[in-house]
>>> print(open('target.csv').read())   # CSV, C-alpha atoms
chain,number,residue,atom,x,y,z
A,180,MET,CA,0.0,0.0,0.0
A,181,TYR,CA,1.3,3.4,-1.1
A,182,SER,CA,1.0,6.8,0.6
A,183,TYR,CA,2.0,10.1,-1.0
A,184,ILE,CA,3.4,13.1,0.9
A,185,TYR,CA,3.5,16.4,-1.0
A,186,ASP,CA,5.8,19.1,0.3
A,187,SER,CA,4.1,22.4,1.2
A,188,TYR,CA,5.7,24.4,-1.7
A,189,LEU,CA,3.8,22.3,-4.2
A,190,SER,CA,0.6,24.2,-3.3
A,191,ASP,CA,1.9,26.8,-5.6
A,192,LYS,CA,-0.3,27.0,-8.7
A,193,LYS,CA,2.6,26.4,-11.1
A,194,TYR,CA,2.8,22.7,-9.9
A,195,GLU,CA,-0.9,22.1,-10.3
A,196,LYS,CA,-0.7,20.5,-13.8
A,197,SER,CA,2.3,18.4,-12.9
A,198,LEU,CA,0.5,17.0,-9.8
A,199,VAL,CA,-2.7,16.2,-11.8
A,200,ARG,CA,-0.5,14.4,-14.3
A,201,LEU,CA,1.3,12.5,-11.6
A,202,GLU,CA,-2.0,11.5,-9.9
A,203,ASN,CA,-3.4,10.2,-13.2
A,204,MET,CA,-0.3,8.2,-13.9
A,205,VAL,CA,-0.1,6.5,-10.5
A,206,THR,CA,-3.8,5.6,-10.7
A,207,ASP,CA,-3.3,4.1,-14.2
A,208,LEU,CA,-0.4,2.0,-12.8
A,209,GLY,CA,-2.4,0.9,-9.8
A,210,ILE,CA,0.0,2.4,-7.3
A,211,ASN,CA,-2.1,5.2,-6.1
A,212,GLY,CA,-2.8,5.8,-2.4
A,213,PRO,CA,-3.8,8.5,0.1
A,214,ILE,CA,-2.2,11.9,-0.4
A,215,HIS,CA,-1.0,14.2,2.4
A,216,LYS,CA,-0.1,17.8,1.8
A,217,LEU,CA,2.4,19.2,4.3
A,218,SER,CA,1.6,22.5,5.9
A,219,ILE,CA,2.3,24.3,9.1
A,220,LEU,CA,-0.6,22.5,10.7
A,221,LYS,CA,0.4,19.0,9.5
A,222,SER,CA,3.5,17.4,11.1
A,223,LEU,CA,5.4,15.0,9.0
A,224,ARG,CA,6.1,12.8,11.9
A,225,GLU,CA,2.4,12.4,12.8
A,226,ILE,CA,1.5,11.7,9.2
A,227,VAL,CA,4.1,9.0,8.9
A,228,GLN,CA,3.1,7.4,12.3
A,229,ASP,CA,-0.6,7.4,11.3
A,230,GLU,CA,0.2,5.8,7.9
A,231,ILE,CA,2.4,3.1,9.4
A,232,ALA,CA,-0.5,2.3,11.9
A,233,ALA,CA,-2.8,2.1,8.9
A,234,GLY,CA,-0.6,-0.5,7.2
A,235,VAL,CA,1.2,1.6,4.6
A,236,ASN,CA,4.4,0.0,3.5
A,237,THR,CA,5.6,2.5,1.0
A,238,ILE,CA,5.8,6.3,1.5
A,239,VAL,CA,6.4,8.4,-1.5
A,240,THR,CA,7.8,11.9,-1.0
A,241,VAL,CA,6.9,14.4,-3.7
A,242,GLY,CA,9.2,17.3,-3.4
A,243,ASN,CA,12.9,18.1,-3.2
A,244,ASP,CA,16.1,17.4,-1.2
A,245,ASN,CA,14.6,19.2,1.8
A,246,THR,CA,11.5,17.0,1.8
A,247,ILE,CA,13.7,13.9,1.7
A,248,THR,CA,16.0,15.0,4.5
A,249,GLN,CA,13.0,15.7,6.7
A,250,ILE,CA,11.5,12.3,6.2
A,251,ILE,CA,14.7,10.3,6.6
A,252,ASP,CA,14.9,11.0,10.3
A,253,VAL,CA,11.3,9.9,10.7
A,254,ILE,CA,11.3,6.6,8.8
A,255,ALA,CA,14.9,5.4,9.5
A,256,LYS,CA,14.9,1.9,11.0
A,257,LYS,CA,11.1,1.5,10.4
A,258,ASN,CA,9.8,-1.2,8.1
A,259,ILE,CA,8.9,1.3,5.4
A,260,THR,CA,10.1,1.7,1.8
A,261,LEU,CA,10.8,5.2,0.6
A,262,GLY,CA,9.8,6.3,-2.9
A,263,ILE,CA,10.8,9.6,-4.3
A,264,ILE,CA,9.2,11.8,-7.0
A,265,PRO,CA,11.4,14.9,-7.5
A,266,MET,CA,9.5,18.1,-8.3
A,267,GLY,CA,10.9,21.6,-8.6
A,268,GLN,CA,14.5,22.7,-7.9
A,269,GLU,CA,17.3,21.1,-5.7
A,270,ASN,CA,16.9,17.4,-6.4
A,271,LYS,CA,20.4,16.1,-5.9
A,272,ILE,CA,19.4,13.3,-3.6
A,273,ALA,CA,16.9,11.8,-6.0
A,274,SER,CA,19.5,12.2,-8.8
A,275,ALA,CA,22.1,10.3,-6.7
A,276,LEU,CA,19.6,7.5,-6.2
A,277,GLY,CA,19.0,7.4,-10.0
A,278,ILE,CA,15.6,9.0,-9.9
A,279,THR,CA,14.7,11.9,-12.2
A,280,SER,CA,11.4,13.6,-12.8
A,281,ASP,CA,11.3,11.6,-16.1
A,282,ASN,CA,11.8,8.1,-14.7
A,283,ALA,CA,10.3,8.6,-11.2
A,284,ILE,CA,6.9,7.0,-11.7
A,285,GLU,CA,8.4,4.2,-13.9
A,286,SER,CA,10.9,3.5,-11.1
A,287,LEU,CA,8.2,3.5,-8.5
A,288,SER,CA,6.2,1.0,-10.5
A,289,LYS,CA,9.2,-1.3,-11.1
A,290,ARG,CA,10.0,-1.0,-7.4
A,291,VAL,CA,13.8,-1.9,-7.5
A,292,THR,CA,14.8,-1.4,-3.8
A,293,GLN,CA,18.1,-1.2,-2.0
A,294,LYS,CA,18.7,-1.1,1.7
A,295,ILE,CA,21.3,1.6,2.2
A,296,ASP,CA,23.3,2.9,5.1
A,297,LEU,CA,22.5,6.1,6.8
A,298,GLY,CA,24.8,8.2,9.0
A,299,LYS,CA,23.6,9.1,12.5
A,300,VAL,CA,24.8,12.3,14.2
A,301,ASN,CA,23.6,13.0,17.8
A,302,ASP,CA,20.5,10.8,17.1
A,303,ILE,CA,19.7,12.6,13.9
A,304,TYR,CA,19.9,10.4,10.8
A,305,PHE,CA,21.5,11.8,7.6
A,306,LEU,CA,21.7,10.5,4.1
A,307,SER,CA,24.6,12.1,2.4
A,308,SER,CA,27.1,14.3,4.3
A,309,LEU,CA,28.2,16.5,7.2
A,310,GLN,CA,30.4,19.5,6.5
A,311,ILE,CA,32.4,21.4,9.1
A,312,THR,CA,34.5,24.3,7.8
A,313,ASN,CA,37.5,26.1,9.3
A,314,THR,CA,37.6,24.3,12.6
A,315,ASN,CA,40.2,23.3,15.2
A,316,ALA,CA,37.9,20.5,16.4
A,317,ILE,CA,39.4,17.2,17.6
A,318,ILE,CA,38.3,13.9,16.1
A,319,GLN,CA,38.3,11.0,18.6
A,320,SER,CA,37.9,7.4,17.7
A,321,SER,CA,38.5,4.2,19.6
A,322,GLY,CA,42.2,4.4,20.6
A,323,TYR,CA,43.3,7.5,18.8
A,324,LYS,CA,42.6,11.2,18.3
A,325,ILE,CA,43.2,13.5,15.3
A,326,GLU,CA,43.9,17.2,15.5
A,327,PRO,CA,45.1,19.9,13.1
A,328,ARG,CA,48.8,20.0,12.6
A,329,PHE,CA,49.3,23.6,11.7
A,330,SER,CA,46.0,25.7,11.6
A,331,SER,CA,42.3,25.0,11.1
A,332,TYR,CA,41.0,22.4,8.7
A,333,ASN,CA,37.7,21.4,7.1
A,334,ILE,CA,36.1,18.1,7.9
A,335,ASP,CA,33.6,16.4,5.6
A,336,ILE,CA,31.8,13.2,6.5
A,337,TYR,CA,30.3,11.3,3.6
A,338,ASN,CA,27.9,8.4,3.3
A,339,PHE,CA,27.5,8.9,-0.4
A,340,ILE,CA,27.9,11.9,-2.7
A,341,LEU,CA,25.0,13.9,-4.2
A,342,THR,CA,26.1,14.1,-7.8
A,343,ALA,CA,24.9,12.6,-11.0
A,344,ASN,CA,26.8,9.6,-12.1
A,345,ASN,CA,28.3,11.1,-15.2
A,346,GLN,CA,29.8,14.0,-13.2
A,347,SER,CA,31.4,11.8,-10.6
A,348,LYS,CA,33.4,9.4,-12.7
A,349,ASP,CA,36.8,11.0,-11.7
A,350,LEU,CA,35.8,10.7,-8.1
A,351,SER,CA,35.3,6.9,-7.9
A,352,PRO,CA,31.9,7.3,-6.2
A,353,GLN,CA,32.2,3.6,-5.2
A,354,VAL,CA,34.4,4.9,-2.4
A,355,PHE,CA,31.5,6.8,-0.9
A,356,ASN,CA,29.2,3.9,-1.1
A,357,PRO,CA,26.1,3.7,1.1
A,358,LEU,CA,26.2,-0.1,0.8
A,359,ASP,CA,29.7,-0.6,2.4
A,360,GLY,CA,28.8,-0.3,6.1
A,361,THR,CA,31.2,2.6,6.7
A,362,LEU,CA,31.3,6.4,6.6
A,363,GLU,CA,34.2,8.3,5.2
A,364,ALA,CA,35.9,11.3,6.8
A,365,VAL,CA,37.7,13.7,4.4
A,366,ILE,CA,39.9,16.2,6.2
A,367,TYR,CA,41.6,19.0,4.2
A,368,LYS,CA,43.0,22.5,4.7
A,369,GLY,CA,40.6,25.4,5.3
A,370,GLY,CA,38.4,27.1,2.8
A,371,LYS,CA,34.7,27.3,2.2
A,372,GLU,CA,34.3,25.0,-0.7
A,373,SER,CA,33.6,21.3,0.2
A,374,PHE,CA,36.0,18.6,-0.8
A,375,VAL,CA,33.7,17.3,-3.5
A,376,GLY,CA,32.9,20.8,-4.7
A,377,ARG,CA,36.7,21.5,-5.1
A,378,LEU,CA,37.2,18.3,-7.1
A,379,PHE,CA,34.4,19.2,-9.5
A,380,LYS,CA,36.0,22.6,-10.0
A,381,LYS,CA,39.3,20.9,-10.4
A,382,GLN,CA,40.9,23.1,-7.7
A,383,LYS,CA,44.3,22.0,-6.5
A,384,LEU,CA,44.0,20.1,-3.2
A,385,ASP,CA,46.6,19.6,-0.5
A,386,ILE,CA,47.0,16.0,0.4
A,387,SER,CA,43.8,15.3,2.2
A,388,THR,CA,43.1,12.8,4.9
A,389,PHE,CA,40.8,10.1,4.0
A,390,LEU,CA,39.5,7.9,6.8
A,391,PRO,CA,36.8,5.2,6.6
A,392,PHE,CA,35.2,4.7,10.0
A,393,LYS,CA,32.1,3.3,11.7
A,394,LYS,CA,32.0,5.5,14.8
A,395,LEU,CA,33.8,8.7,16.0
A,396,LYS,CA,33.3,11.8,18.0
A,397,ILE,CA,34.1,15.4,17.0
A,398,LYS,CA,34.4,18.1,19.7
A,399,ASN,CA,35.9,21.6,20.2
A,400,PRO,CA,39.4,21.5,21.6
A,401,PHE,CA,38.5,23.9,24.3
A,402,SER,CA,35.0,22.8,24.9
A,403,ASP,CA,35.4,22.9,28.7
A,404,ALA,CA,36.7,26.4,28.7
A,405,PRO,CA,34.3,29.4,29.2
A,406,LYS,CA,33.1,30.9,25.9
A,407,LYS,CA,34.7,34.2,24.9
A,408,GLU,CA,32.5,37.1,23.9
A,409,GLY,CA,31.9,37.2,20.2
A,410,GLU,CA,33.3,33.8,19.7
A,411,GLU,CA,31.4,31.9,17.1
A,412,GLU,CA,30.3,28.3,17.7
A,413,THR,CA,31.4,25.8,15.0
A,414,LYS,CA,28.4,25.0,12.7
A,415,VAL,CA,27.9,21.7,11.1
A,416,LEU,CA,25.9,21.4,7.9
A,417,VAL,CA,23.9,18.2,7.7
A,418,ASP,CA,22.9,17.0,4.2
A,419,GLU,CA,23.4,20.5,2.9
A,420,GLN,CA,20.1,21.4,4.6
A,421,LYS,CA,20.2,21.5,8.4
A,422,ILE,CA,22.7,23.2,10.7
A,423,ILE,CA,23.7,21.7,14.1
A,424,LYS,CA,26.6,22.4,16.5
A,425,LEU,CA,29.5,20.6,18.1
A,426,PRO,CA,30.1,18.2,19.9
A,427,LEU,CA,29.1,15.4,17.5
A,428,GLU,CA,28.8,11.7,18.0
A,429,ILE,CA,28.8,10.1,14.5
A,430,GLU,CA,28.2,6.5,13.6
A,431,VAL,CA,27.1,4.5,10.6
A,432,ALA,CA,23.6,2.9,10.7
A,433,PRO,CA,24.1,0.0,8.3
A,434,SER,CA,21.3,-1.0,5.9
A,435,CYS,CA,18.9,1.3,7.7
A,436,LEU,CA,16.8,2.7,4.9
A,437,LYS,CA,14.9,0.8,2.2
A,438,VAL,CA,14.6,3.0,-0.8
A,439,ILE,CA,13.4,2.7,-4.4
A,440,VAL,CA,16.2,3.4,-6.7
A,441,GLY,CA,16.7,4.0,-10.5
A,442,LYS,CA,19.2,2.4,-12.9
A,443,ASP,CA,21.6,5.4,-13.0
A,444,ARG,CA,22.2,5.6,-9.3
A,445,ASN,CA,25.6,6.7,-7.9
A,446,PHE,CA,26.4,3.4,-6.3
A,447,ASP,CA,26.0,-0.4,-6.7
B,115,MET,CA,44.3,7.5,-3.3
B,116,PHE,CA,40.7,6.4,-3.9
B,117,GLN,CA,41.2,2.8,-4.8
B,118,LYS,CA,40.0,-0.5,-3.4
B,119,ASN,CA,42.9,-2.4,-1.8
B,120,GLU,CA,45.0,-4.7,-3.9
B,121,ASN,CA,43.5,-7.8,-2.4
B,122,GLY,CA,40.1,-6.8,-3.7
B,123,GLY,CA,38.7,-6.4,-0.2
B,124,ASP,CA,36.2,-3.8,0.8
B,125,ALA,CA,38.5,-1.8,3.0
B,126,MET,CA,39.7,1.5,1.4
B,127,ASP,CA,43.1,3.1,1.6
B,128,THR,CA,43.4,5.3,4.7
B,129,VAL,CA,45.3,8.5,4.0
B,130,ILE,CA,46.7,10.5,6.9
B,131,GLY,CA,47.3,13.9,5.2
B,132,SER,CA,49.9,16.5,5.9
B,133,SER,CA,47.4,18.8,7.7
B,134,ILE,CA,46.7,16.5,10.6
B,135,LYS,CA,48.3,14.8,13.6
B,136,VAL,CA,47.2,11.4,14.9
B,137,GLU,CA,47.9,10.4,18.5
B,138,GLY,CA,47.2,7.0,19.9
B,139,SER,CA,46.8,3.5,18.6
B,140,PHE,CA,45.8,3.7,14.9
B,141,VAL,CA,44.8,0.4,13.5
B,142,GLY,CA,43.7,0.3,9.8
B,143,GLN,CA,42.0,-2.4,7.9
B,144,GLY,CA,43.4,-1.5,4.4
B,145,ASN,CA,46.4,0.2,3.1
B,146,ILE,CA,47.6,3.3,5.0
B,147,ILE,CA,49.3,6.3,3.5
B,148,VAL,CA,51.0,8.7,5.9
B,149,GLU,CA,51.9,12.2,4.9
B,150,GLY,CA,51.3,13.9,8.3
B,151,GLU,CA,52.3,13.1,11.9
B,152,VAL,CA,51.5,10.0,13.9
B,153,LYS,CA,52.4,9.4,17.6
B,154,GLY,CA,51.6,6.1,19.3
B,155,ASN,CA,51.2,2.9,17.4
B,156,LEU,CA,50.4,2.3,13.7
B,157,LYS,CA,49.2,-1.1,12.6
B,158,THR,CA,47.7,-2.5,9.4
B,159,SER,CA,47.4,-6.0,8.0
B,160,GLN,CA,48.0,-4.4,4.5
B,161,ASN,CA,50.6,-2.0,3.2
B,162,LEU,CA,52.0,1.2,4.6
B,163,GLU,CA,53.4,4.1,2.7
B,164,ALA,CA,55.0,7.0,4.6
B,165,GLY,CA,55.8,10.1,2.5
B,166,SER,CA,58.9,12.2,2.7
B,167,GLU,CA,57.2,14.8,4.9
B,168,SER,CA,55.8,12.2,7.3
B,169,LYS,CA,56.9,12.1,10.9
B,170,ILE,CA,56.0,8.9,12.8
B,171,THR,CA,56.8,8.5,16.5
B,172,ALA,CA,55.3,5.1,16.8
B,173,ASN,CA,55.8,1.4,16.6
B,174,ILE,CA,54.8,0.2,13.2
B,175,GLU,CA,53.4,-3.1,12.1
B,176,ALA,CA,52.4,-3.8,8.5
B,177,ALA,CA,52.6,-6.4,5.7
B,178,ASN,CA,54.8,-4.3,3.4
B,179,ALA,CA,56.1,-0.8,3.8
B,180,LEU,CA,57.7,2.0,1.8
B,181,ILE,CA,59.1,4.7,4.1
B,182,ALA,CA,60.5,8.0,2.9
B,183,GLY,CA,60.0,10.1,6.1
B,184,GLU,CA,61.1,10.0,9.7
B,185,VAL,CA,60.3,7.2,12.1
B,186,ASP,CA,61.1,7.0,15.8
B,187,GLY,CA,60.1,3.5,16.9
B,188,LYS,CA,60.2,-0.2,16.1
B,189,ILE,CA,59.3,-1.3,12.6
B,190,LYS,CA,58.0,-4.8,12.2
B,191,ILE,CA,57.2,-5.7,8.6
B,192,GLU,CA,56.0,-9.2,7.6
B,193,GLU,CA,57.4,-9.1,4.0
B,194,HIS,CA,59.1,-6.2,2.2
B,195,LEU,CA,60.4,-3.0,3.7
B,196,GLU,CA,61.8,-0.3,1.4
B,197,LEU,CA,63.5,2.8,2.7
B,198,THR,CA,64.1,5.6,0.3
B,199,GLY,CA,67.0,8.1,0.4
B,200,THR,CA,65.1,10.5,2.5
B,201,ALA,CA,64.1,8.0,5.2
B,202,LYS,CA,65.4,8.5,8.8
B,203,ILE,CA,64.8,5.6,11.1
B,204,ASN,CA,65.5,5.7,14.9
B,205,GLY,CA,64.5,2.2,16.0
B,206,ASP,CA,64.9,-1.5,15.4
B,207,ILE,CA,63.8,-3.0,12.1
B,208,GLU,CA,62.3,-6.5,11.5
B,209,ALA,CA,61.4,-7.5,8.0
B,210,ASN,CA,61.7,-10.4,5.6
B,211,VAL,CA,63.3,-8.3,2.9
B,212,LEU,CA,64.9,-4.9,3.4
B,213,VAL,CA,65.8,-2.5,0.5
B,214,VAL,CA,67.8,0.6,1.6
B,215,ALA,CA,68.4,3.5,-0.9
B,216,SER,CA,71.5,5.6,-0.7
B,217,GLY,CA,71.0,8.5,1.7
B,218,ALA,CA,68.7,6.7,4.1
B,219,THR,CA,69.8,6.7,7.8
B,220,ILE,CA,69.1,3.9,10.3
B,221,ASN,CA,69.9,4.0,13.9
B,222,GLY,CA,69.0,0.6,15.3
B,223,TYR,CA,69.2,-3.1,14.9
B,224,CYS,CA,67.9,-5.0,11.9
B,225,LYS,CA,66.5,-8.5,11.8
B,226,ILE,CA,66.1,-9.4,8.2
B,227,GLY,CA,64.7,-12.7,6.8
B,228,ALA,CA,64.8,-15.8,9.0
B,229,GLY,CA,68.4,-15.2,10.2
B,230,GLU,CA,69.8,-13.9,13.4
B,231,GLN,CA,69.4,-10.3,14.4
B,232,GLU,CA,72.3,-8.2,13.1
B,233,SER,CA,73.2,-4.6,13.1
B,234,VAL,CA,72.6,-2.4,10.2
B,235,LYS,CA,76.3,-2.0,9.7
B,236,GLU,CA,76.7,-5.8,9.5
B,237,SER,CA,73.8,-6.1,7.1
B,238,LEU,CA,75.1,-3.4,4.9
B,239,LEU,CA,78.6,-4.9,4.9
B,240,LYS,CA,77.1,-8.3,4.0
B,241,LYS,CA,75.2,-6.7,1.1
B,242,GLN,CA,78.3,-5.0,-0.1
B,243,GLU,CA,80.3,-8.3,-0.1
B,244,GLU,CA,77.5,-10.0,-2.0
B,245,ASP,CA,77.5,-7.2,-4.6
B,246,GLU,CA,81.2,-7.5,-5.1
B,247,GLU,CA,81.1,-11.3,-5.7
>>> encode(input="target.csv", output="structure tokens")
Amino acid sequence: MYSYIYDSYLSDKKYEKSLVRLENMVTDLGINGPIHKLSILKSLREIVQDEIAAGVNTIVTVGNDNTITQIIDVIAKKNITLGIIPMGQENKIASALGITSDNAIESLSKRVTQKIDLGKVNDIYFLSSLQITNTNAIIQSSGYKIEPRFSSYNIDIYNFILTANNQSKDLSPQVFNPLDGTLEAVIYKGGKESFVGRLFKKQKLDISTFLPFKKLKIKNPFSDAPKKEGEEETKVLVDEQKIIKLPLEIEVAPSCLKVIVGKDRNFD
Amino acid sequence: MFQKNENGGDAMDTVIGSSIKVEGSFVGQGNIIVEGEVKGNLKTSQNLEAGSESKITANIEAANALIAGEVDGKIKIEEHLELTGTAKINGDIEANVLVVASGATINGYCKIGAGEQESVKESLLKKQEEDEE
């Protein structure tokens, strides 16, 4: 049984025709189901809980990256399959999973699923990455710690990368594979551009640290010291959407999300 | 850098870059490349490569190793250890095969192959004699 969740921005009139077309297609394919439209008054968590109680086994998000990152944290570890229909701008997650607006309904109907890893940071699940820029933070894992040798550095944590397959050939995306049961930390000298962003722009990189791991902690070096006036807290960007603060406890949650994927996904 | 290890396993190369310092017991599952600083212990069942800018103050254990930087500590290599001309070793070496380039410095004892432990000087003299024959 399918259930569809429309993001709130789809109430804009410009999406009306696309949604009618979508509803007709899913009805024709026999994969239609109840539709829930997100709004200030409707909490995503409540909708999902109600749908699970009603026996729904597939929840389809109609929206963009932001819609998906919101629902990941709600459905992780639940016996629910996630389907994605990208609509509008910013659909890098769908694209990395091989889903485009052209093949989304076909993929939904074919229902090729994969159980992928998620990352977990301070009890929040994330799908793709964490980014910490210009930090002196210390990384601690079982038995060792890592700190900057000269000045501040950037730390990116990846589960998998949000890029279309054809763009990421030089990157060996298999390294950032959500089926391998590990996360990867990439540590490099400061700057605002992410590691992956720099690679795409072919900027020269200093030798970066590359560290596969299952669990680690990241904290400020002087976290116990009183905060100085005007001192900014280190911000952490989760899945290019949410911002959280240090300290972090990060671990991989293996095979945690069952998701419908397309043929041109970034991993195998 | 971003390669699966030679044995086809799932473990990826770990790279300790020049901008970081690692302290403690670092145990890797795949190949380890060190370009930065390590203090403590460094261990892998695969291969270790330490670049010319690397500074390792640690006991090292690996299957094979290529060292071009500074090491303060014992080095125990199961098979093949190669020291380049820029390598500076302060500590004992144990390996099955040792290759030392001109310019490398070693301050410690070497136990090479299945034979008795011998000093570096003795091992180098032996190698020289073999070359002359």
>>> interface_residues(input="target.csv", of="chain B", to="chain A", cutoff="10 Å", atoms="all atoms listed in the file", output="JSON, numbers by chain")
{"B": [115, 116, 117, 118, 124, 125, 126, 127, 128, 129, 130, 131, 132, 133, 134, 135, 136, 137, 138, 139, 140, 141, 142, 143, 144, 146, 147, 148, 149, 150, 151, 152, 153, 154, 155]}
>>> atom_distance(input="target.csv", atom1="CA of Gly222 in chain B", atom2="CA of Asn178 in chain B")
19.2 Å
>>> atom_distance(input="target.csv", atom1="CA of Glu163 in chain B", atom2="CA of Glu244 in chain B")
28.3 Å
>>> residues_around(input="target.csv", residues="range 231-234 of chain A", least_positions_apart="2", cutoff="12 Å", atoms="all atoms listed in the file", output="number ranges by chain")
A: 180-182, 212-213, 224-229, 236-238, 253-254, 257-260
>>> atom_distance(input="target.csv", atom1="CA of Leu395 in chain A", atom2="CA of Val185 in chain B")
26.8 Å
>>> residues_around(input="target.csv", residues="Ser166 in chain B", least_positions_apart="3", cutoff="8 Å", atoms="all atoms listed in the file", output="PyMOL selection string")
chain B and resi 149+181-184+200-201
>>> write_last_selection(input="target.csv", atoms="C-alpha atoms", output="CSV table (one decimal), in the frame of the given file")
chain,number,residue,atom,x,y,z
B,149,GLU,CA,51.9,12.2,4.9
B,181,ILE,CA,59.1,4.7,4.1
B,182,ALA,CA,60.5,8.0,2.9
B,183,GLY,CA,60.0,10.1,6.1
B,184,GLU,CA,61.1,10.0,9.7
B,200,THR,CA,65.1,10.5,2.5
B,201,ALA,CA,64.1,8.0,5.2
>>> residues_around(input="target.csv", residues="Pro433 in chain A", least_positions_apart="4", cutoff="10 Å", atoms="only C-alpha atoms", output="count of residues only")
13
>>> residues_near_point(input="target.csv", point="(56.2, 3.8, 9.7)", cutoff="8 Å", atoms="only C-alpha atoms", output="PDB file with C-alpha atoms, keeping the file's coordinate frame")
ATOM      1  CA  LEU B 156      50.400   2.300  13.700  1.00  0.00           C
ATOM      2  CA  LEU B 162      52.000   1.200   4.600  1.00  0.00           C
ATOM      3  CA  GLU B 163      53.400   4.100   2.700  1.00  0.00           C
ATOM      4  CA  ALA B 164      55.000   7.000   4.600  1.00  0.00           C
ATOM      5  CA  ILE B 170      56.000   8.900  12.800  1.00  0.00           C
ATOM      6  CA  ALA B 172      55.300   5.100  16.800  1.00  0.00           C
ATOM      7  CA  ASN B 173      55.800   1.400  16.600  1.00  0.00           C
ATOM      8  CA  ILE B 174      54.800   0.200  13.200  1.00  0.00           C
ATOM      9  CA  GLU B 175      53.400  -3.100  12.100  1.00  0.00           C
ATOM     10  CA  ALA B 179      56.100  -0.800   3.800  1.00  0.00           C
ATOM     11  CA  ILE B 181      59.100   4.700   4.100  1.00  0.00           C
ATOM     12  CA  GLU B 184      61.100  10.000   9.700  1.00  0.00           C
ATOM     13  CA  VAL B 185      60.300   7.200  12.100  1.00  0.00           C
ATOM     14  CA  ILE B 189      59.300  -1.300  12.600  1.00  0.00           C
TER      15      ILE B 189
END
>>> closest_residue(input="target.csv", among="A:Ser222, A:Asn270, A:Asn282, A:Thr413", to="Asn315 in chain A", atoms="all atoms listed in the file")
A:Thr413
>>> residues_near_point(input="target.csv", point="(64.4, -10.3, 4.4)", cutoff="8 Å", atoms="only C-alpha atoms", output="list in words")
Glu193, His194, Ala209, Asn210, Val211, Leu212, Lys225, Ile226, Gly227 and Ala228 of chain B
>>> residues_around(input="target.csv", residues="Gly267 in chain A", least_positions_apart="3", cutoff="10 Å", atoms="all atoms listed in the file", output="MDAnalysis selection string")
chainID A and resid 188:189 193:194 241:244 270 280
>>> write_last_selection(input="target.csv", atoms="C-alpha atoms", output="PDB file, keeping the file's coordinate frame")
ATOM      1  CA  TYR A 188       5.700  24.400  -1.700  1.00  0.00           C
ATOM      2  CA  LEU A 189       3.800  22.300  -4.200  1.00  0.00           C
ATOM      3  CA  LYS A 193       2.600  26.400 -11.100  1.00  0.00           C
ATOM      4  CA  TYR A 194       2.800  22.700  -9.900  1.00  0.00           C
ATOM      5  CA  VAL A 241       6.900  14.400  -3.700  1.00  0.00           C
ATOM      6  CA  GLY A 242       9.200  17.300  -3.400  1.00  0.00           C
ATOM      7  CA  ASN A 243      12.900  18.100  -3.200  1.00  0.00           C
ATOM      8  CA  ASP A 244      16.100  17.400  -1.200  1.00  0.00           C
ATOM      9  CA  ASN A 270      16.900  17.400  -6.400  1.00  0.00           C
ATOM     10  CA  SER A 280      11.400  13.600 -12.800  1.00  0.00           C
TER      11      SER A 280
END
>>> closest_residue(input="target.csv", among="A:Tyr185, A:Ile334, A:Leu309, A:Ser434", to="Ile263 in chain A", atoms="all atoms listed in the file")
A:Tyr185
